[in-house]
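Structure first, commentary second.
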Amino acid sequence: MQYKAIVIGVSLGGMNAMKVLFASLPSTFSIPIIIVQHIGARSDNMWINFINTTSNLKLKEVREKEKVELGNVYVAPANYHLLVEMDETFSLTIDQRVNFARPSIDVLFESAAAAYKDKLIGIILTGSNKDGAAGVKRIQEYGGLVVVEDPETAESNTMPLAAIATTKPDHILPLKKIVDLLIQLEQNNLAS
Amino acid sequence: MTPHKDNLDIEISLLLDAIYQKHGYDFRQYSQAHIARRVNNRMLITGLKNVTEVHAKVLHDETFAAELLRDLSITVTEMFRDPEFYKSLREKVIPILKTYPFIKIWHAGCSTGEEAYSMSIILKEEGLYDRATIYATDFNQQALNRAKQGIFSNELMKEYTLNYQLSGGKESFSKYYTSSYDNVIMHQSLGKNIVWANHNLVTDSVFAEVQMIFCRNVLIYFDRNLQNKVHSLFNASLIKGGILCLGSKESLRFNNAHTTYNELDSKHKIFKKKY
């Protein structure tokens, strides 16, 4: 199985979770990662710099219309929904909030599912709302892989529980094990 | 060989053809992920099972078609949206506008008008309003009608007031409207020099030569080809040395217009057309 992209949805508790995740993924990690972190509408996404101080991969805010490239980590800008087009480019919208959120995890996941079909990995991490639950369901319907952070170990378990309620996740794992899984899947990618 | 499209792609593309042929609105070069999402929402609300059913209803059910067209147009806007942008506008653009005896501003895709009123307020505070005309255009007539009325929900005023203050506003924001029950109505003097007009960026052409074009968070919905087309339209409308304002996350990087402009403020996406 060749995975072409990873989408990650994260909310409350996200800073710590992403610090752990990106301190552990190697700089050679090639599958593009696309992140929606719920953040205030006026945020300038300076938290990206904070994660980048300890990350091997460099996170960057998405630029409208840019193409998804190997080895990159993309973050949705504050106050815009982020979508993936069929041609694997990004678009932004200022449509109504979804699940009270803009950017919304569902919006990213549902569009990415349509673009990548069974070649997508969707990951729901810590968060205290239900955004992303519909998105992982769509990913599963298209045959993609669904990974949810273990509600037992997540800083905030509402979002993982909501995702588990709509899908039968392929993996429910603590954060550190998610890192191991991603590294394994990437190795399989390279081998195939 | 080009790969076969999947059913959803085919159905959406047929639907957009039908909307264009039947209703004259051209969404064929919009961001397809956005269109798919809006169509899907309408399907969920009305209990339709697939896009082909949507297609049939768009042709035969006027009420449904009107609802779908409303879904497909974007009406999310704010007064003084991105206050820092407006601050920069006051500091960097107003001095340029002051050099012209008459100022024509085209606000393309004004939706329900919040930003056109914001511009009126700034022009007034900077002593430019009497020599300015704002052409505020949109293809959504319903939104334009609302814009013309200048009636907004009272609930929003707290946020708008904060936006106004952060943008470098010089007065008490409440000076610009009158409250009445759950709504406020903008003072009529603010609309005096605004010409509200129906104009479709996708299908209509140049109508005036202007000193400034304001088009924030509209082009993000268009694919690259359509962005290029609209940028040609802007280029044909804007005088040399004129100002183009885009949304805070928009760029010229991926289209042909980037050679036409210098950056006046790269962070807030304010561009000056080269001489």
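Within each chain, counting starts at residue 1; across the structure tokens, chains are named A, B, ... in the order shown, with ligands numbered 1 upward in that order.
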Contacts of Lys117 in chain A within 12 Å, only C-alpha atoms, excl. fewer than 4 positions in-chain, as JSON, numbers by chain: {"A": [2, 3, 4, 5, 6, 84, 86, 88, 109, 110, 111, 112, 113, 121, 122, 136, 138, 139, 140, 141, 142, 143, 144, 145], "B": [6]}
Contact residues around range 23-38 of chain A with only C-alpha atoms at 6 Å, ignoring same-chain residues under 6 positions, as a list of chain:residue names: A:Ala5, A:Ile6, A:Val7, A:Ile8, A:Gly9, A:Val10, A:Ser11, A:Thr54, A:Ser55, A:Asn56, A:Leu57, A:Leu70, A:Gly71, A:Asn72, A:Val73, A:Tyr74, A:Val75, A:Ala76, A:Ile105
With C-alpha atoms retained, export the selected residues as a PDB file, in the first residue's frame.
```
ATOM      1  CA  ALA A   5      -0.621  11.842   2.503  1.00  0.00           C
ATOM      2  CA  ILE A   6      -1.371  12.040   6.220  1.00  0.00           C
ATOM      3  CA  VAL A   7      -3.993  14.376   7.661  1.00  0.00           C
ATOM      4  CA  ILE A   8      -3.951  15.186  11.364  1.00  0.00           C
ATOM      5  CA  GLY A   9      -6.738  16.816  13.379  1.00  0.00           C
ATOM      6  CA  VAL A  10      -5.915  18.145  16.828  1.00  0.00           C
ATOM      7  CA  SER A  11      -7.461  20.602  19.251  1.00  0.00           C
ATOM      8  CA  THR A  54      12.534  20.701  18.421  1.00  0.00           C
ATOM      9  CA  SER A  55      11.174  19.206  15.186  1.00  0.00           C
ATOM     10  CA  ASN A  56      13.314  17.396  12.631  1.00  0.00           C
ATOM     11  CA  LEU A  57      10.749  18.191   9.957  1.00  0.00           C
ATOM     12  CA  LEU A  70       6.784  14.973  -0.462  1.00  0.00           C
ATOM     13  CA  GLY A  71       8.529  15.551   2.854  1.00  0.00           C
ATOM     14  CA  ASN A  72       6.563  18.684   3.770  1.00  0.00           C
ATOM     15  CA  VAL A  73       4.436  19.404   6.826  1.00  0.00           C
ATOM     16  CA  TYR A  74       1.588  21.850   6.205  1.00  0.00           C
ATOM     17  CA  VAL A  75      -0.545  23.699   8.734  1.00  0.00           C
ATOM     18  CA  ALA A  76      -3.918  25.340   8.033  1.00  0.00           C
ATOM     19  CA  ILE A 105     -10.892  19.141  10.730  1.00  0.00           C
TER      20      ILE A 105
END
```
May I have the residues within 12 Å of Leu97 in chain B as a PyMOL selection string, using only C-alpha atoms and disregarding those fewer than 3 positions away in the same chain? chain B and resi 89-94+100-105+122-123+126-129+131-132+210-212+241-243+272
Can I get the selection written as a JSON list (two decimals), in the first residue's frame, with N, CA, C and O atoms?
```json
[["chain", "number", "residue", "atom", "x", "y", "z"],
["B", 89, "LEU", "N", -3.74, 50.03, 5.60],
["B", 89, "LEU", "CA", -4.42, 50.79, 4.55],
["B", 89, "LEU", "C", -4.40, 52.29, 4.88],
["B", 89, "LEU", "O", -4.09, 53.13, 4.04],
["B", 90, "ARG", "N", -4.72, 52.60, 6.14],
["B", 90, "ARG", "CA", -4.70, 54.01, 6.57],
["B", 90, "ARG", "C", -3.30, 54.59, 6.43],
["B", 90, "ARG", "O", -3.14, 55.72, 5.97],
["B", 91, "GLU", "N", -2.31, 53.83, 6.82],
["B", 91, "GLU", "CA", -0.95, 54.38, 6.86],
["B", 91, "GLU", "C", -0.27, 54.42, 5.49],
["B", 91, "GLU", "O", 0.42, 55.38, 5.17],
["B", 92, "LYS", "N", -0.48, 53.36, 4.70],
["B", 92, "LYS", "CA", 0.29, 53.26, 3.45],
["B", 92, "LYS", "C", -0.48, 53.63, 2.19],
["B", 92, "LYS", "O", 0.12, 54.04, 1.20],
["B", 93, "VAL", "N", -1.80, 53.44, 2.22],
["B", 93, "VAL", "CA", -2.56, 53.64, 0.98],
["B", 93, "VAL", "C", -3.24, 55.01, 0.93],
["B", 93, "VAL", "O", -3.25, 55.68, -0.11],
["B", 94, "ILE", "N", -3.78, 55.43, 2.07],
["B", 94, "ILE", "CA", -4.50, 56.72, 2.10],
["B", 94, "ILE", "C", -3.62, 57.88, 1.58],
["B", 94, "ILE", "O", -4.08, 58.69, 0.77],
["B", 100, "TYR", "N", -4.85, 62.06, -5.58],
["B", 100, "TYR", "CA", -5.77, 62.12, -6.72],
["B", 100, "TYR", "C", -6.92, 63.09, -6.47],
["B", 100, "TYR", "O", -7.46, 63.13, -5.36],
["B", 101, "PRO", "N", -7.31, 63.88, -7.49],
["B", 101, "PRO", "CA", -8.45, 64.79, -7.30],
["B", 101, "PRO", "C", -9.78, 64.03, -7.14],
["B", 101, "PRO", "O", -10.65, 64.46, -6.38],
["B", 102, "PHE", "N", -9.94, 62.92, -7.87],
["B", 102, "PHE", "CA", -11.11, 62.08, -7.71],
["B", 102, "PHE", "C", -10.64, 60.65, -7.47],
["B", 102, "PHE", "O", -9.65, 60.22, -8.06],
["B", 103, "ILE", "N", -11.34, 59.96, -6.61],
["B", 103, "ILE", "CA", -10.91, 58.60, -6.27],
["B", 103, "ILE", "C", -12.04, 57.62, -6.58],
["B", 103, "ILE", "O", -13.15, 57.76, -6.07],
["B", 104, "LYS", "N", -11.73, 56.66, -7.44],
["B", 104, "LYS", "CA", -12.71, 55.62, -7.72],
["B", 104, "LYS", "C", -12.17, 54.29, -7.19],
["B", 104, "LYS", "O", -11.04, 53.91, -7.48],
["B", 105, "ILE", "N", -13.00, 53.65, -6.38],
["B", 105, "ILE", "CA", -12.60, 52.38, -5.77],
["B", 105, "ILE", "C", -13.58, 51.31, -6.20],
["B", 105, "ILE", "O", -14.80, 51.52, -6.14],
["B", 122, "ILE", "N", -13.43, 54.94, 6.75],
["B", 122, "ILE", "CA", -12.03, 55.36, 6.67],
["B", 122, "ILE", "C", -11.89, 56.60, 5.79],
["B", 122, "ILE", "O", -11.22, 57.57, 6.16],
["B", 123, "LEU", "N", -12.55, 56.59, 4.65],
["B", 123, "LEU", "CA", -12.47, 57.73, 3.74],
["B", 123, "LEU", "C", -13.00, 59.00, 4.41],
["B", 123, "LEU", "O", -12.45, 60.09, 4.25],
["B", 126, "GLU", "N", -10.54, 60.28, 6.93],
["B", 126, "GLU", "CA", -9.33, 60.82, 6.30],
["B", 126, "GLU", "C", -9.64, 62.01, 5.39],
["B", 126, "GLU", "O", -8.78, 62.48, 4.66],
["B", 127, "GLY", "N", -10.89, 62.45, 5.41],
["B", 127, "GLY", "CA", -11.28, 63.64, 4.64],
["B", 127, "GLY", "C", -11.32, 63.43, 3.13],
["B", 127, "GLY", "O", -11.16, 64.37, 2.36],
["B", 128, "LEU", "N", -11.53, 62.18, 2.72],
["B", 128, "LEU", "CA", -11.51, 61.88, 1.28],
["B", 128, "LEU", "C", -12.88, 61.52, 0.71],
["B", 128, "LEU", "O", -13.03, 61.34, -0.49],
["B", 129, "TYR", "N", -13.85, 61.39, 1.59],
["B", 129, "TYR", "CA", -15.10, 60.78, 1.15],
["B", 129, "TYR", "C", -15.79, 61.58, 0.05],
["B", 129, "TYR", "O", -16.35, 61.02, -0.88],
["B", 131, "ARG", "N", -14.71, 63.23, -2.37],
["B", 131, "ARG", "CA", -14.22, 63.06, -3.75],
["B", 131, "ARG", "C", -14.06, 61.59, -4.15],
["B", 131, "ARG", "O", -13.35, 61.26, -5.10],
["B", 132, "ALA", "N", -14.73, 60.73, -3.41],
["B", 132, "ALA", "CA", -14.59, 59.30, -3.69],
["B", 132, "ALA", "C", -15.90, 58.66, -4.15],
["B", 132, "ALA", "O", -16.99, 59.10, -3.76],
["B", 210, "VAL", "N", -10.24, 52.61, -12.37],
["B", 210, "VAL", "CA", -10.27, 52.91, -10.93],
["B", 210, "VAL", "C", -8.86, 53.06, -10.36],
["B", 210, "VAL", "O", -7.88, 52.59, -10.93],
["B", 211, "GLN", "N", -8.79, 53.74, -9.20],
["B", 211, "GLN", "CA", -7.51, 53.95, -8.51],
["B", 211, "GLN", "C", -7.19, 52.81, -7.55],
["B", 211, "GLN", "O", -6.03, 52.62, -7.16],
["B", 212, "MET", "N", -8.24, 52.11, -7.13],
["B", 212, "MET", "CA", -8.00, 51.02, -6.17],
["B", 212, "MET", "C", -9.02, 49.91, -6.39],
["B", 212, "MET", "O", -10.19, 50.16, -6.66],
["B", 241, "GLY", "N", 0.06, 52.59, -11.11],
["B", 241, "GLY", "CA", 0.26, 53.14, -9.77],
["B", 241, "GLY", "C", -0.93, 52.88, -8.85],
["B", 241, "GLY", "O", -0.90, 53.24, -7.67],
["B", 242, "GLY", "N", -1.97, 52.24, -9.39],
["B", 242, "GLY", "CA", -3.17, 51.93, -8.59],
["B", 242, "GLY", "C", -2.91, 50.81, -7.59],
["B", 242, "GLY", "O", -1.92, 50.09, -7.67],
["B", 243, "ILE", "N", -3.85, 50.68, -6.67],
["B", 243, "ILE", "CA", -3.66, 49.77, -5.53],
["B", 243, "ILE", "C", -4.60, 48.56, -5.64],
["B", 243, "ILE", "O", -5.78, 48.71, -5.95],
["B", 272, "LYS", "N", 0.88, 47.45, -5.45],
["B", 272, "LYS", "CA", 0.81, 48.69, -6.23],
["B", 272, "LYS", "C", 1.18, 48.35, -7.66],
["B", 272, "LYS", "O", 2.22, 47.75, -7.92]]
```
When DSSP is applied to the backbone of this structure, which of range 14-154 of chain A are assigned alpha helix (DSSP H)? Write them out as an MDAnalysis selection string. chainID A and resid 14:24 47:52 105:116 133:141
Export of prior selection with N, CA and C atoms as an mmCIF file, in the first residue's frame:
```cif
data_model
loop_
_atom_site.group_PDB
_atom_site.id
_atom_site.type_symbol
_atom_site.label_atom_id
_atom_site.label_comp_id
_atom_site.auth_asym_id
_atom_site.auth_seq_id
_atom_site.Cartn_x
_atom_site.Cartn_y
_atom_site.Cartn_z
ATOM 1 N N GLY A 14 -3.187 20.166 21.925
ATOM 2 C CA GLY A 14 -2.471 19.917 20.675
ATOM 3 C C GLY A 14 -1.001 20.300 20.677
ATOM 4 N N MET A 15 -0.675 21.379 21.386
ATOM 5 C CA MET A 15 0.723 21.828 21.385
ATOM 6 C C MET A 15 1.658 20.727 21.902
ATOM 7 N N ASN A 16 1.283 20.169 23.050
ATOM 8 C CA ASN A 16 2.113 19.097 23.622
ATOM 9 C C ASN A 16 2.166 17.901 22.699
ATOM 10 N N ALA A 17 1.003 17.530 22.172
ATOM 11 C CA ALA A 17 0.931 16.346 21.314
ATOM 12 C C ALA A 17 1.827 16.524 20.095
ATOM 13 N N MET A 18 1.777 17.689 19.505
ATOM 14 C CA MET A 18 2.571 17.878 18.291
ATOM 15 C C MET A 18 4.053 18.025 18.588
ATOM 16 N N LYS A 19 4.337 18.549 19.752
ATOM 17 C CA LYS A 19 5.739 18.636 20.166
ATOM 18 C C LYS A 19 6.325 17.210 20.241
ATOM 19 N N VAL A 20 5.589 16.315 20.872
ATOM 20 C CA VAL A 20 6.037 14.916 20.989
ATOM 21 C C VAL A 20 6.163 14.283 19.599
ATOM 22 N N LEU A 21 5.092 14.433 18.808
ATOM 23 C CA LEU A 21 5.056 13.809 17.484
ATOM 24 C C LEU A 21 6.241 14.247 16.625
ATOM 25 N N PHE A 22 6.457 15.556 16.564
ATOM 26 C CA PHE A 22 7.465 16.046 15.619
ATOM 27 C C PHE A 22 8.881 15.999 16.169
ATOM 28 N N ALA A 23 9.011 15.815 17.477
ATOM 29 C CA ALA A 23 10.360 15.584 18.006
ATOM 30 C C ALA A 23 10.807 14.163 17.675
ATOM 31 N N SER A 24 9.846 13.280 17.368
ATOM 32 C CA SER A 24 10.179 11.869 17.154
ATOM 33 C C SER A 24 10.221 11.454 15.690
ATOM 34 N N TRP A 47 2.886 29.424 16.968
ATOM 35 C CA TRP A 47 3.165 28.140 17.616
ATOM 36 C C TRP A 47 3.970 27.218 16.709
ATOM 37 N N ILE A 48 3.862 27.455 15.400
ATOM 38 C CA ILE A 48 4.631 26.636 14.460
ATOM 39 C C ILE A 48 6.127 26.772 14.758
ATOM 40 N N ASN A 49 6.564 28.003 15.031
ATOM 41 C CA ASN A 49 7.976 28.220 15.355
ATOM 42 C C ASN A 49 8.373 27.464 16.621
ATOM 43 N N PHE A 50 7.441 27.454 17.569
ATOM 44 C CA PHE A 50 7.685 26.743 18.835
ATOM 45 C C PHE A 50 7.903 25.242 18.569
ATOM 46 N N ILE A 51 7.051 24.642 17.767
ATOM 47 C CA ILE A 51 7.215 23.218 17.435
ATOM 48 C C ILE A 51 8.512 23.019 16.650
ATOM 49 N N ASN A 52 8.795 23.950 15.756
ATOM 50 C CA ASN A 52 9.974 23.803 14.888
ATOM 51 C C ASN A 52 11.302 23.831 15.649
ATOM 52 N N ILE A 105 -11.530 20.421 11.060
ATOM 53 C CA ILE A 105 -10.892 19.141 10.730
ATOM 54 C C ILE A 105 -11.730 18.371 9.706
ATOM 55 N N ASP A 106 -13.054 18.367 9.905
ATOM 56 C CA ASP A 106 -13.941 17.669 8.964
ATOM 57 C C ASP A 106 -13.748 18.178 7.537
ATOM 58 N N VAL A 107 -13.642 19.486 7.395
ATOM 59 C CA VAL A 107 -13.515 20.069 6.055
ATOM 60 C C VAL A 107 -12.229 19.571 5.375
ATOM 61 N N LEU A 108 -11.120 19.593 6.104
ATOM 62 C CA LEU A 108 -9.867 19.071 5.536
ATOM 63 C C LEU A 108 -9.989 17.585 5.223
ATOM 64 N N PHE A 109 -10.456 16.808 6.202
ATOM 65 C CA PHE A 109 -10.464 15.352 6.054
ATOM 66 C C PHE A 109 -11.373 14.907 4.908
ATOM 67 N N GLU A 110 -12.555 15.521 4.806
ATOM 68 C CA GLU A 110 -13.504 15.089 3.777
ATOM 69 C C GLU A 110 -12.977 15.405 2.382
ATOM 70 N N SER A 111 -12.350 16.563 2.240
ATOM 71 C CA SER A 111 -11.810 16.895 0.915
ATOM 72 C C SER A 111 -10.588 16.035 0.595
ATOM 73 N N ALA A 112 -9.747 15.794 1.598
ATOM 74 C CA ALA A 112 -8.552 14.956 1.377
ATOM 75 C C ALA A 112 -8.955 13.520 1.055
ATOM 76 N N ALA A 113 -10.027 13.039 1.687
ATOM 77 C CA ALA A 113 -10.505 11.677 1.420
ATOM 78 C C ALA A 113 -10.900 11.535 -0.050
ATOM 79 N N ALA A 114 -11.593 12.550 -0.571
ATOM 80 C CA ALA A 114 -12.014 12.497 -1.975
ATOM 81 C C ALA A 114 -10.801 12.559 -2.904
ATOM 82 N N ALA A 115 -9.779 13.312 -2.511
ATOM 83 C CA ALA A 115 -8.608 13.469 -3.373
ATOM 84 C C ALA A 115 -7.693 12.243 -3.328
ATOM 85 N N TYR A 116 -7.501 11.676 -2.136
ATOM 86 C CA TYR A 116 -6.491 10.604 -1.979
ATOM 87 C C TYR A 116 -7.088 9.205 -1.875
ATOM 88 N N ALA A 133 -14.815 13.782 13.489
ATOM 89 C CA ALA A 133 -15.492 12.479 13.550
ATOM 90 C C ALA A 133 -16.127 12.129 12.197
ATOM 91 N N ALA A 134 -16.760 13.130 11.577
ATOM 92 C CA ALA A 134 -17.344 12.892 10.246
ATOM 93 C C ALA A 134 -16.235 12.711 9.216
ATOM 94 N N GLY A 135 -15.141 13.411 9.418
ATOM 95 C CA GLY A 135 -14.020 13.341 8.481
ATOM 96 C C GLY A 135 -13.369 11.969 8.440
ATOM 97 N N VAL A 136 -13.120 11.369 9.601
ATOM 98 C CA VAL A 136 -12.505 10.025 9.590
ATOM 99 C C VAL A 136 -13.471 8.988 9.018
ATOM 100 N N LYS A 137 -14.760 9.238 9.230
ATOM 101 C CA LYS A 137 -15.749 8.321 8.649
ATOM 102 C C LYS A 137 -15.609 8.331 7.124
ATOM 103 N N ARG A 138 -15.497 9.527 6.547
ATOM 104 C CA ARG A 138 -15.352 9.636 5.095
ATOM 105 C C ARG A 138 -14.056 8.960 4.636
ATOM 106 N N ILE A 139 -12.979 9.167 5.388
ATOM 107 C CA ILE A 139 -11.696 8.543 5.023
ATOM 108 C C ILE A 139 -11.856 7.021 4.991
ATOM 109 N N GLN A 140 -12.537 6.497 5.997
ATOM 110 C CA GLN A 140 -12.753 5.051 6.058
ATOM 111 C C GLN A 140 -13.605 4.567 4.879
ATOM 112 N N GLU A 141 -14.638 5.347 4.535
ATOM 113 C CA GLU A 141 -15.494 4.966 3.405
ATOM 114 C C GLU A 141 -14.701 4.875 2.105
#
```
Report as a PDB file with C-alpha atoms, in the first residue's frame all protein, DNA and RNA residues lying within 10 Å of Ser205 in chain B, evaluated on only C-alpha atoms, omitting residues in the same chain fewer than 4 positions from it.
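Wrote selection-v6.pdb, looks like this:
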```pdb
ATOM      1  CA  HIS B 199     -21.360  42.379 -11.569  1.00  0.00           C
ATOM      2  CA  ASN B 200     -20.103  38.854 -12.075  1.00  0.00           C
ATOM      3  CA  LEU B 201     -16.315  38.550 -12.036  1.00  0.00           C
ATOM      4  CA  VAL B 230      -9.924  37.877 -13.163  1.00  0.00           C
ATOM      5  CA  LEU B 233      -9.819  42.096 -15.672  1.00  0.00           C
ATOM      6  CA  PHE B 234      -8.343  43.897 -12.650  1.00  0.00           C
ATOM      7  CA  ALA B 236      -7.468  46.398 -17.339  1.00  0.00           C
ATOM      8  CA  SER B 237      -9.474  48.371 -14.749  1.00  0.00           C
TER       9      SER B 237
END
```
Counting only C-alpha atoms, which residues of chain A come no farther than 8 Å from chain B, as a ChimeraX atom specification? /A:63-66,77,83-86,91-96,111
Could you pull out all residues of chain A with a DSSP call of strand (DSSP E or B) and give them as a PyMOL selection string? chain A and resi 5-10+33-37+59-61+67+73-75+81-84+89-93+98+101+120-124+145-149+171-173
To one decimal place in Å, what is the distance between CA of Arg146 in chain B and CA of Met186 in chain B?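 If I compute the distance from CA of Arg146 in chain B to CA of Met186 in chain B, I get 11.7 Å.
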Nearest to Thr158 in chain A by atom-to-atom distance, counting only C-alpha atoms, from A:Asp131, A:Asp170, A:Asp118, A:Asp180: A:Asp131
I'd like the contact shell of Ile164 in chain A - 12 Å cut-off, only C-alpha atoms, skipping same-chain residues fewer than 3 positions apart - returned as a VMD selection string. chain A and resid 123 to 125 130 132 to 137 140 146 to 151 157 to 161 167 to 173
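Using only C-alpha atoms, the nearest neighbour of Val68 in chain A within the list A:Asp87, A:Ala165, A:Lys119, A:Asn129 is A:Asp87.
With only C-alpha atoms taken into account, the protein and nucleic acid residues at most 9 Å from Gly169 in chain B (excluding it and anything under 6 positions from it in its own chain) are B:Lys87, B:Ile121, B:Ile122, B:Glu125, B:Asn163.
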I need the chosen residues saved as a PDB file, in the first residue's frame, with C-alpha atoms.
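Generated file (result-v2.pdb):
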```pdb
ATOM      1  CA  LYS B  87      -4.396  49.960   9.803  1.00  0.00           C
ATOM      2  CA  ILE B 121     -15.773  55.213   7.330  1.00  0.00           C
ATOM      3  CA  ILE B 122     -12.027  55.364   6.674  1.00  0.00           C
ATOM      4  CA  GLU B 125     -12.117  60.039   8.733  1.00  0.00           C
ATOM      5  CA  ASN B 163     -12.081  45.491  14.837  1.00  0.00           C
TER       6      ASN B 163
END
```
So what do you get for CA of Glu152 in chain A versus CA of Pro174 in chain A, distance-wise?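 Going from CA of Glu152 in chain A over to CA of Pro174 in chain A, I get 8.1 Å.
The residue set within 10 Å of range 16-18 of chain B, counting only C-alpha atoms and dropping same-chain residues fewer than 4 places from it, reads Glu11, Ile12, Lys22, His23, Gly24, Tyr25, Asp26, Phe27, Arg28, Gln29, Tyr30, Ile35, His55, Ala56, Val58 and Leu59 of chain B.
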One decimal, Å: what's the distance from CA of Phe100 in chain A over to CA of Cys245 in chain B, could you say? 28.4 Å
